[in-house]
file upload-v2.pdb (PDB, C-alpha atoms)
MODEL        1
ATOM      1  CA  MET A   1    -107.577-128.086  26.975
ATOM      2  CA  PRO A   2    -111.028-127.514  28.456
ATOM      3  CA  ASN A   3    -113.298-130.433  29.007
ATOM      4  CA  LYS A   4    -115.911-131.041  26.225
ATOM      5  CA  PHE A   5    -118.715-131.051  28.790
ATOM      6  CA  VAL A   6    -117.739-127.580  30.033
ATOM      7  CA  LEU A   7    -117.577-126.260  26.467
ATOM      8  CA  CYS A   8    -121.008-127.710  25.658
ATOM      9  CA  CYS A   9    -122.502-126.169  28.817
ATOM     10  CA  LEU A  10    -120.957-122.804  27.981
ATOM     11  CA  ALA A  11    -122.258-122.948  24.404
ATOM     12  CA  ALA A  12    -125.738-123.930  25.610
ATOM     13  CA  SER A  13    -125.731-121.079  28.112
ATOM     14  CA  LEU A  14    -124.687-118.548  25.479
ATOM     15  CA  MET A  15    -127.349-119.812  23.067
ATOM     16  CA  ALA A  16    -130.071-119.609  25.753
ATOM     17  CA  THR A  17    -129.021-116.033  26.542
ATOM     18  CA  ALA A  18    -129.109-115.084  22.853
ATOM     19  CA  LEU A  19    -132.535-116.694  22.363
ATOM     20  CA  ALA A  20    -133.934-114.895  25.415
ATOM     21  CA  ALA A  21    -132.618-111.568  24.138
ATOM     22  CA  ALA A  22    -134.096-112.218  20.689
ATOM     23  CA  ALA A  23    -137.485-113.102  22.203
ATOM     24  CA  GLN A  24    -137.491-109.900  24.201
ATOM     25  CA  SER A  25    -136.605-107.798  21.188
ATOM     26  CA  THR A  26    -139.453-109.212  19.044
ATOM     27  CA  ASP A  27    -142.132-108.589  21.675
ATOM     28  CA  PRO A  28    -142.333-104.821  21.959
ATOM     29  CA  LYS A  29    -142.844-103.303  25.380
ATOM     30  CA  PRO A  30    -146.493-102.339  25.668
ATOM     31  CA  ALA A  31    -147.294 -98.668  25.643
ATOM     32  CA  ILE A  32    -148.599 -97.765  29.072
ATOM     33  CA  LEU A  33    -151.505 -95.370  28.866
ATOM     34  CA  SER A  34    -151.833 -92.829  31.646
ATOM     35  CA  THR A  35    -154.950 -92.673  33.795
ATOM     36  CA  GLU A  36    -155.991 -89.493  31.977
ATOM     37  CA  GLU A  37    -155.550 -91.107  28.539
ATOM     38  CA  ILE A  38    -157.669 -94.076  29.617
ATOM     39  CA  VAL A  39    -160.424 -91.805  30.957
ATOM     40  CA  GLN A  40    -160.423 -89.795  27.740
ATOM     41  CA  ARG A  41    -160.587 -92.863  25.499
ATOM     42  CA  LEU A  42    -163.306 -94.585  27.537
ATOM     43  CA  SER A  43    -165.480 -91.476  27.935
ATOM     44  CA  ALA A  44    -168.330 -91.423  25.483
ATOM     45  CA  PRO A  45    -170.127 -88.383  24.151
ATOM     46  CA  PRO A  46    -173.870 -88.503  24.944
ATOM     47  CA  GLY A  47    -175.752 -90.912  22.705
ATOM     48  CA  ALA A  48    -172.613 -92.523  21.264
ATOM     49  CA  ILE A  49    -173.058 -95.902  22.949
ATOM     50  CA  ASN A  50    -175.085 -98.506  21.080
ATOM     51  CA  MET A  51    -177.399-101.014  22.719
ATOM     52  CA  ARG A  52    -175.594-104.157  23.866
ATOM     53  CA  GLY A  53    -176.097-107.160  21.635
ATOM     54  CA  ILE A  54    -176.721-105.365  18.335
ATOM     55  CA  THR A  55    -175.167-107.162  15.381
ATOM     56  CA  ILE A  56    -174.083-105.153  12.357
ATOM     57  CA  VAL A  57    -174.553-106.885   9.026
ATOM     58  CA  LYS A  58    -172.987-105.322   5.951
ATOM     59  CA  PRO A  59    -174.768-105.331   2.591
ATOM     60  CA  GLY A  60    -174.427-108.797   1.145
ATOM     61  CA  GLY A  61    -175.159-110.432   4.504
ATOM     62  CA  LYS A  62    -171.616-110.796   5.839
ATOM     63  CA  HIS A  63    -171.755-110.929   9.663
ATOM     64  CA  GLN A  64    -169.080-108.916  11.489
ATOM     65  CA  PRO A  65    -168.551-110.273  15.021
ATOM     66  CA  GLY A  66    -167.876-107.535  17.516
ATOM     67  CA  ALA A  67    -168.739-104.737  15.085
ATOM     68  CA  ALA A  68    -171.359-103.245  17.427
ATOM     69  CA  GLN A  69    -168.865-103.446  20.280
ATOM     70  CA  LYS A  70    -166.383-101.388  18.245
ATOM     71  CA  ALA A  71    -168.902 -98.522  18.029
ATOM     72  CA  ARG A  72    -168.481 -98.066  21.782
ATOM     73  CA  PRO A  73    -165.511 -96.343  23.407
ATOM     74  CA  ASN A  74    -162.866 -98.995  24.012
ATOM     75  CA  ILE A  75    -159.161 -99.543  24.468
ATOM     76  CA  ASP A  76    -156.846-102.476  23.952
ATOM     77  CA  LEU A  77    -154.318-102.953  26.732
ATOM     78  CA  ALA A  78    -151.290-105.223  26.416
ATOM     79  CA  VAL A  79    -151.714-106.676  29.907
ATOM     80  CA  ASN A  80    -148.944-109.168  30.583
ATOM     81  CA  PHE A  81    -149.565-112.518  32.237
ATOM     82  CA  GLU A  82    -147.188-115.309  33.146
ATOM     83  CA  PHE A  83    -146.725-117.823  30.306
ATOM     84  CA  ASN A  84    -149.779-120.100  29.867
ATOM     85  CA  SER A  85    -151.299-118.592  32.994
ATOM     86  CA  ALA A  86    -153.851-116.072  34.227
ATOM     87  CA  ARG A  87    -151.390-114.770  36.827
ATOM     88  CA  LEU A  88    -150.521-111.114  36.220
ATOM     89  CA  THR A  89    -146.910-110.011  35.870
ATOM     90  CA  PRO A  90    -145.708-106.822  37.599
ATOM     91  CA  ASP A  91    -145.923-105.050  34.200
ATOM     92  CA  GLY A  92    -149.508-106.248  33.842
ATOM     93  CA  GLU A  93    -150.374-104.921  37.293
ATOM     94  CA  LEU A  94    -148.858-101.537  36.412
ATOM     95  CA  ILE A  95    -151.103-101.250  33.361
ATOM     96  CA  LEU A  96    -154.149-102.290  35.387
ATOM     97  CA  ASP A  97    -153.289 -99.804  38.139
ATOM     98  CA  ASN A  98    -153.793 -96.971  35.642
ATOM     99  CA  LEU A  99    -157.057 -98.574  34.525
ATOM    100  CA  GLY A 100    -158.192 -98.947  38.143
ATOM    101  CA  HIS A 101    -157.553 -95.259  38.819
ATOM    102  CA  ALA A 102    -159.374 -94.332  35.599
ATOM    103  CA  LEU A 103    -162.459 -96.345  36.562
ATOM    104  CA  GLN A 104    -162.637 -94.302  39.784
ATOM    105  CA  ASP A 105    -162.747 -91.026  37.832
ATOM    106  CA  PRO A 106    -166.123 -89.220  38.062
ATOM    107  CA  LYS A 107    -166.346 -89.132  34.233
ATOM    108  CA  LEU A 108    -166.518 -92.940  34.214
ATOM    109  CA  GLY A 109    -168.096 -93.517  37.632
ATOM    110  CA  ALA A 110    -171.590 -94.409  36.400
ATOM    111  CA  SER A 111    -170.464 -96.536  33.448
ATOM    112  CA  ARG A 112    -170.221-100.289  33.141
ATOM    113  CA  PHE A 113    -167.368-102.007  31.323
ATOM    114  CA  ALA A 114    -166.885-105.234  29.408
ATOM    115  CA  ILE A 115    -163.484-106.864  29.821
ATOM    116  CA  GLY A 116    -162.586-108.987  26.815
ATOM    117  CA  GLY A 117    -159.654-111.386  26.930
ATOM    118  CA  HIS A 118    -157.899-112.177  23.637
ATOM    119  CA  THR A 119    -155.079-114.598  22.875
ATOM    120  CA  ASP A 120    -152.827-115.107  19.886
ATOM    121  CA  GLY A 121    -153.396-117.857  17.344
ATOM    122  CA  VAL A 122    -150.887-120.311  18.813
ATOM    123  CA  GLY A 123    -152.435-123.416  20.348
ATOM    124  CA  SER A 124    -155.883-124.947  20.091
ATOM    125  CA  ALA A 125    -159.048-122.895  19.908
ATOM    126  CA  GLY A 126    -160.431-124.570  23.050
ATOM    127  CA  TYR A 127    -157.312-123.958  25.105
ATOM    128  CA  ASN A 128    -157.109-120.307  24.014
ATOM    129  CA  LYS A 129    -160.811-119.737  24.761
ATOM    130  CA  THR A 130    -160.375-121.058  28.314
ATOM    131  CA  LEU A 131    -157.152-119.103  28.880
ATOM    132  CA  SER A 132    -158.716-115.861  27.612
ATOM    133  CA  GLU A 133    -161.717-116.363  29.910
ATOM    134  CA  GLN A 134    -159.424-116.911  32.906
ATOM    135  CA  ARG A 135    -157.381-113.819  32.049
ATOM    136  CA  ALA A 136    -160.443-111.596  31.587
ATOM    137  CA  GLU A 137    -161.747-112.809  34.950
ATOM    138  CA  ALA A 138    -158.323-112.167  36.542
ATOM    139  CA  VAL A 139    -158.453-108.558  35.316
ATOM    140  CA  ARG A 140    -161.999-108.174  36.644
ATOM    141  CA  ASN A 141    -161.029-109.579  40.036
ATOM    142  CA  TYR A 142    -157.944-107.345  40.222
ATOM    143  CA  LEU A 143    -160.036-104.220  39.620
ATOM    144  CA  ILE A 144    -162.657-105.300  42.170
ATOM    145  CA  GLU A 145    -160.202-106.327  44.884
ATOM    146  CA  ARG A 146    -157.546-103.646  44.474
ATOM    147  CA  TYR A 147    -159.630-100.646  43.417
ATOM    148  CA  GLY A 148    -163.022-101.430  44.901
ATOM    149  CA  VAL A 149    -164.768-101.244  41.522
ATOM    150  CA  PRO A 150    -168.270-102.640  42.130
ATOM    151  CA  ALA A 151    -168.629-106.106  40.604
ATOM    152  CA  ASP A 152    -171.847-105.133  38.825
ATOM    153  CA  ARG A 153    -169.922-102.536  36.776
ATOM    154  CA  LEU A 154    -167.653-105.176  35.215
ATOM    155  CA  THR A 155    -168.293-108.167  32.986
ATOM    156  CA  ALA A 156    -165.621-110.551  31.745
ATOM    157  CA  GLU A 157    -165.598-112.633  28.580
ATOM    158  CA  GLY A 158    -162.896-114.568  26.781
ATOM    159  CA  PHE A 159    -162.690-114.566  22.996
ATOM    160  CA  GLY A 160    -159.631-116.762  22.578
ATOM    161  CA  LEU A 161    -158.194-116.475  19.089
ATOM    162  CA  THR A 162    -161.439-115.518  17.346
ATOM    163  CA  GLN A 163    -160.744-111.768  17.031
ATOM    164  CA  LEU A 164    -157.082-111.462  16.081
ATOM    165  CA  LEU A 165    -155.894-107.886  15.510
ATOM    166  CA  ASP A 166    -153.323-109.215  13.059
ATOM    167  CA  PRO A 167    -154.842-112.297  11.365
ATOM    168  CA  ALA A 168    -151.962-112.412   8.870
ATOM    169  CA  ASN A 169    -149.614-113.030  11.839
ATOM    170  CA  PRO A 170    -151.552-115.175  14.318
ATOM    171  CA  ALA A 171    -148.555-115.542  16.665
ATOM    172  CA  SER A 172    -147.986-111.781  16.881
ATOM    173  CA  ALA A 173    -147.904-110.234  20.349
ATOM    174  CA  VAL A 174    -150.470-107.600  19.283
ATOM    175  CA  ASN A 175    -153.117-110.325  19.310
ATOM    176  CA  ARG A 176    -152.587-110.944  23.050
ATOM    177  CA  ARG A 177    -154.547-108.188  24.730
ATOM    178  CA  VAL A 178    -157.303-107.180  27.096
ATOM    179  CA  GLU A 179    -160.038-105.040  25.560
ATOM    180  CA  ILE A 180    -161.947-102.679  27.831
ATOM    181  CA  THR A 181    -165.267-101.395  26.426
ATOM    182  CA  ASN A 182    -167.586 -98.812  27.932
ATOM    183  CA  ILE A 183    -171.003-100.497  27.661
ATOM    184  CA  GLY A 184    -172.997 -97.612  29.079
ATOM    185  CA  LYS A 185    -174.583 -96.431  32.267
ATOM    186  CA  ALA A 186    -175.821 -98.838  34.884
ATOM    187  CA  PRO A 187    -179.619 -99.281  34.775
TER     188      PRO A 187
ENDMDL
END
call {"tool": "encode", "arguments": {"input": "upload-v2.pdb", "output": "structure tokens"}}
result
Amino acid sequence: MPNKFVLCCLAASLMATALAAAAQSTDPKPAILSTEEIVQRLSAPPGAINMRGITIVKPGGKHQPGAAQKARPNIDLAVNFEFNSARLTPDGELILDNLGHALQDPKLGASRFAIGGHTDGVGSAGYNKTLSEQRAEAVRNYLIERYGVPADRLTAEGFGLTQLLDPANPASAVNRRVEITNIGKAP
């Protein structure tokens, strides 16, 4: 008869494997946009970009944070980082490689971009704000160092959990993203 310790270790190992598989199945693999798709989505028709800093207020006075930003061409990328870290995973680098190539395209060459880091709603607001800032800055640095994108073309800001894509499910993976916004031509 097998030793109880061995059986417990085997059961624990099987449970850990099952939990890991379940975690992977609930977090969908991010769709990886091609360089061409990124260029297309970040290219703006003439006159379509609003002035930075405009706030849109709906009738009745309800402020909509980020509403002016949404009027600009932007994309959300599911850039992966190591857990509780601003260190990119290989999948995250792959996604940013396509972005780096896109930012070198002549159609986007004169534009500046805002990099917005967003977290899910798990954890404290302060912790998530700091983590999102570090991640946005990590993306900025990656694009500067690996693709030679001039630093003055990129800004980085962390929003933490303040702009959830799925507020009904704060822990959802869709909330963890990097938003790239074309903020217009350099002055």
call {"tool": "atom_distance", "arguments": {"input": "upload-v2.pdb", "atom1": "CA of Glu36 in chain A", "atom2": "CA of Ala102 in chain A"}}
result
6.9 Å
call {"tool": "atom_distance", "arguments": {"input": "upload-v2.pdb", "atom1": "CA of Arg153 in chain A", "atom2": "CA of Asn175 in chain A"}}
result
25.5 Å
call {"tool": "closest_residue", "arguments": {"input": "upload-v2.pdb", "among": "A:Val39, A:Ala125, A:Leu154, A:Ile32", "to": "His101 in chain A", "atoms": "all atoms listed in the file"}}
result
A:Val39
call {"tool": "closest_residue", "arguments": {"input": "upload-v2.pdb", "among": "A:Ile180, A:Leu94, A:Ala173, A:Leu161", "to": "Ala136 in chain A", "atoms": "only C-alpha atoms"}}
result
A:Ile180
call {"tool": "residues_around", "arguments": {"input": "upload-v2.pdb", "residues": "Pro73 in chain A", "least_positions_apart": "2", "cutoff": "7 Å", "atoms": "all atoms listed in the file", "output": "number ranges by chain"}}
result
A: 41-44, 71, 181-182
call {"tool": "atom_distance", "arguments": {"input": "upload-v2.pdb", "atom1": "CA of Arg140 in chain A", "atom2": "CA of Pro170 in chain A"}}
result
25.6 Å
call {"tool": "resolve_selection", "arguments": {"input": "upload-v2.pdb", "expression": "the PyMOL selection byres ((chain A and resi 79) around 10)", "output": "CSV table (one decimal) with C-alpha atoms, in the frame of the given file"}}
result
chain,number,residue,atom,x,y,z
A,30,PRO,CA,-146.5,-102.3,25.7
A,32,ILE,CA,-148.6,-97.8,29.1
A,76,ASP,CA,-156.8,-102.5,24.0
A,77,LEU,CA,-154.3,-103.0,26.7
A,78,ALA,CA,-151.3,-105.2,26.4
A,80,ASN,CA,-148.9,-109.2,30.6
A,81,PHE,CA,-149.6,-112.5,32.2
A,88,LEU,CA,-150.5,-111.1,36.2
A,89,THR,CA,-146.9,-110.0,35.9
A,90,PRO,CA,-145.7,-106.8,37.6
A,91,ASP,CA,-145.9,-105.0,34.2
A,92,GLY,CA,-149.5,-106.2,33.8
A,93,GLU,CA,-150.4,-104.9,37.3
A,94,LEU,CA,-148.9,-101.5,36.4
A,95,ILE,CA,-151.1,-101.2,33.4
A,96,LEU,CA,-154.1,-102.3,35.4
A,117,GLY,CA,-159.7,-111.4,26.9
A,135,ARG,CA,-157.4,-113.8,32.0
A,139,VAL,CA,-158.5,-108.6,35.3
A,176,ARG,CA,-152.6,-110.9,23.0
A,177,ARG,CA,-154.5,-108.2,24.7
A,178,VAL,CA,-157.3,-107.2,27.1
A,179,GLU,CA,-160.0,-105.0,25.6
call {"tool": "resolve_selection", "arguments": {"input": "upload-v2.pdb", "expression": "the PyMOL selection byres ((chain A and resi 158) around 8)", "output": "list in words"}}
result
Gly116, Gly117, His118, Lys129, Thr130, Leu131, Ser132, Glu133, Gln134, Arg135, Ala136, Ala156, Glu157, Phe159 and Gly160 of chain A
call {"tool": "write_last_selection", "arguments": {"input": "upload-v2.pdb", "atoms": "C-alpha atoms", "output": "CSV table (one decimal), keeping the file's coordinate frame"}}
result
chain,number,residue,atom,x,y,z
A,116,GLY,CA,-162.6,-109.0,26.8
A,117,GLY,CA,-159.7,-111.4,26.9
A,118,HIS,CA,-157.9,-112.2,23.6
A,129,LYS,CA,-160.8,-119.7,24.8
A,130,THR,CA,-160.4,-121.1,28.3
A,131,LEU,CA,-157.2,-119.1,28.9
A,132,SER,CA,-158.7,-115.9,27.6
A,133,GLU,CA,-161.7,-116.4,29.9
A,134,GLN,CA,-159.4,-116.9,32.9
A,135,ARG,CA,-157.4,-113.8,32.0
A,136,ALA,CA,-160.4,-111.6,31.6
A,156,ALA,CA,-165.6,-110.6,31.7
A,157,GLU,CA,-165.6,-112.6,28.6
A,159,PHE,CA,-162.7,-114.6,23.0
A,160,GLY,CA,-159.6,-116.8,22.6
call {"tool": "resolve_selection", "arguments": {"input": "upload-v2.pdb", "expression": "the PyMOL selection byres ((chain A and resi 104) around 12)", "output": "PDB file with C-alpha atoms, in the coordinates of the input"}}
result
ATOM      1  CA  THR A  35    -154.950 -92.673  33.795  1.00  0.00           C
ATOM      2  CA  GLU A  36    -155.991 -89.493  31.977  1.00  0.00           C
ATOM      3  CA  ILE A  38    -157.669 -94.076  29.617  1.00  0.00           C
ATOM      4  CA  VAL A  39    -160.424 -91.805  30.957  1.00  0.00           C
ATOM      5  CA  ASP A  97    -153.289 -99.804  38.139  1.00  0.00           C
ATOM      6  CA  ASN A  98    -153.793 -96.971  35.642  1.00  0.00           C
ATOM      7  CA  LEU A  99    -157.057 -98.574  34.525  1.00  0.00           C
ATOM      8  CA  GLY A 100    -158.192 -98.947  38.143  1.00  0.00           C
ATOM      9  CA  HIS A 101    -157.553 -95.259  38.819  1.00  0.00           C
ATOM     10  CA  ALA A 102    -159.374 -94.332  35.599  1.00  0.00           C
ATOM     11  CA  LEU A 103    -162.459 -96.345  36.562  1.00  0.00           C
ATOM     12  CA  ASP A 105    -162.747 -91.026  37.832  1.00  0.00           C
ATOM     13  CA  PRO A 106    -166.123 -89.220  38.062  1.00  0.00           C
ATOM     14  CA  LYS A 107    -166.346 -89.132  34.233  1.00  0.00           C
ATOM     15  CA  LEU A 108    -166.518 -92.940  34.214  1.00  0.00           C
ATOM     16  CA  GLY A 109    -168.096 -93.517  37.632  1.00  0.00           C
ATOM     17  CA  ALA A 110    -171.590 -94.409  36.400  1.00  0.00           C
ATOM     18  CA  SER A 111    -170.464 -96.536  33.448  1.00  0.00           C
ATOM     19  CA  ARG A 112    -170.221-100.289  33.141  1.00  0.00           C
ATOM     20  CA  LEU A 143    -160.036-104.220  39.620  1.00  0.00           C
ATOM     21  CA  ILE A 144    -162.657-105.300  42.170  1.00  0.00           C
ATOM     22  CA  ARG A 146    -157.546-103.646  44.474  1.00  0.00           C
ATOM     23  CA  TYR A 147    -159.630-100.646  43.417  1.00  0.00           C
ATOM     24  CA  GLY A 148    -163.022-101.430  44.901  1.00  0.00           C
ATOM     25  CA  VAL A 149    -164.768-101.244  41.522  1.00  0.00           C
ATOM     26  CA  PRO A 150    -168.270-102.640  42.130  1.00  0.00           C
ATOM     27  CA  ARG A 153    -169.922-102.536  36.776  1.00  0.00           C
TER      28      ARG A 153
END
call {"tool": "closest_residue", "arguments": {"input": "upload-v2.pdb", "among": "A:Ala151, A:Ala171, A:Leu165, A:Tyr142", "to": "Gly123 in chain A", "atoms": "all atoms listed in the file"}}
result
A:Ala171
call {"tool": "closest_residue", "arguments": {"input": "upload-v2.pdb", "among": "A:Ser124, A:Thr119, A:Arg72, A:Ala138", "to": "Arg87 in chain A", "atoms": "all atoms listed in the file"}}
result
A:Ala138
call {"tool": "axis_aligned_box", "arguments": {"input": "upload-v2.pdb", "around": "range 95-106 of chain A", "padding_each_side": "8 Å", "output": "lines of an AutoDock Vina configuration file"}}
result
center_x = -158.6
center_y = -95.8
center_z = 36.6
size_x = 31.0
size_y = 29.1
size_z = 22.4
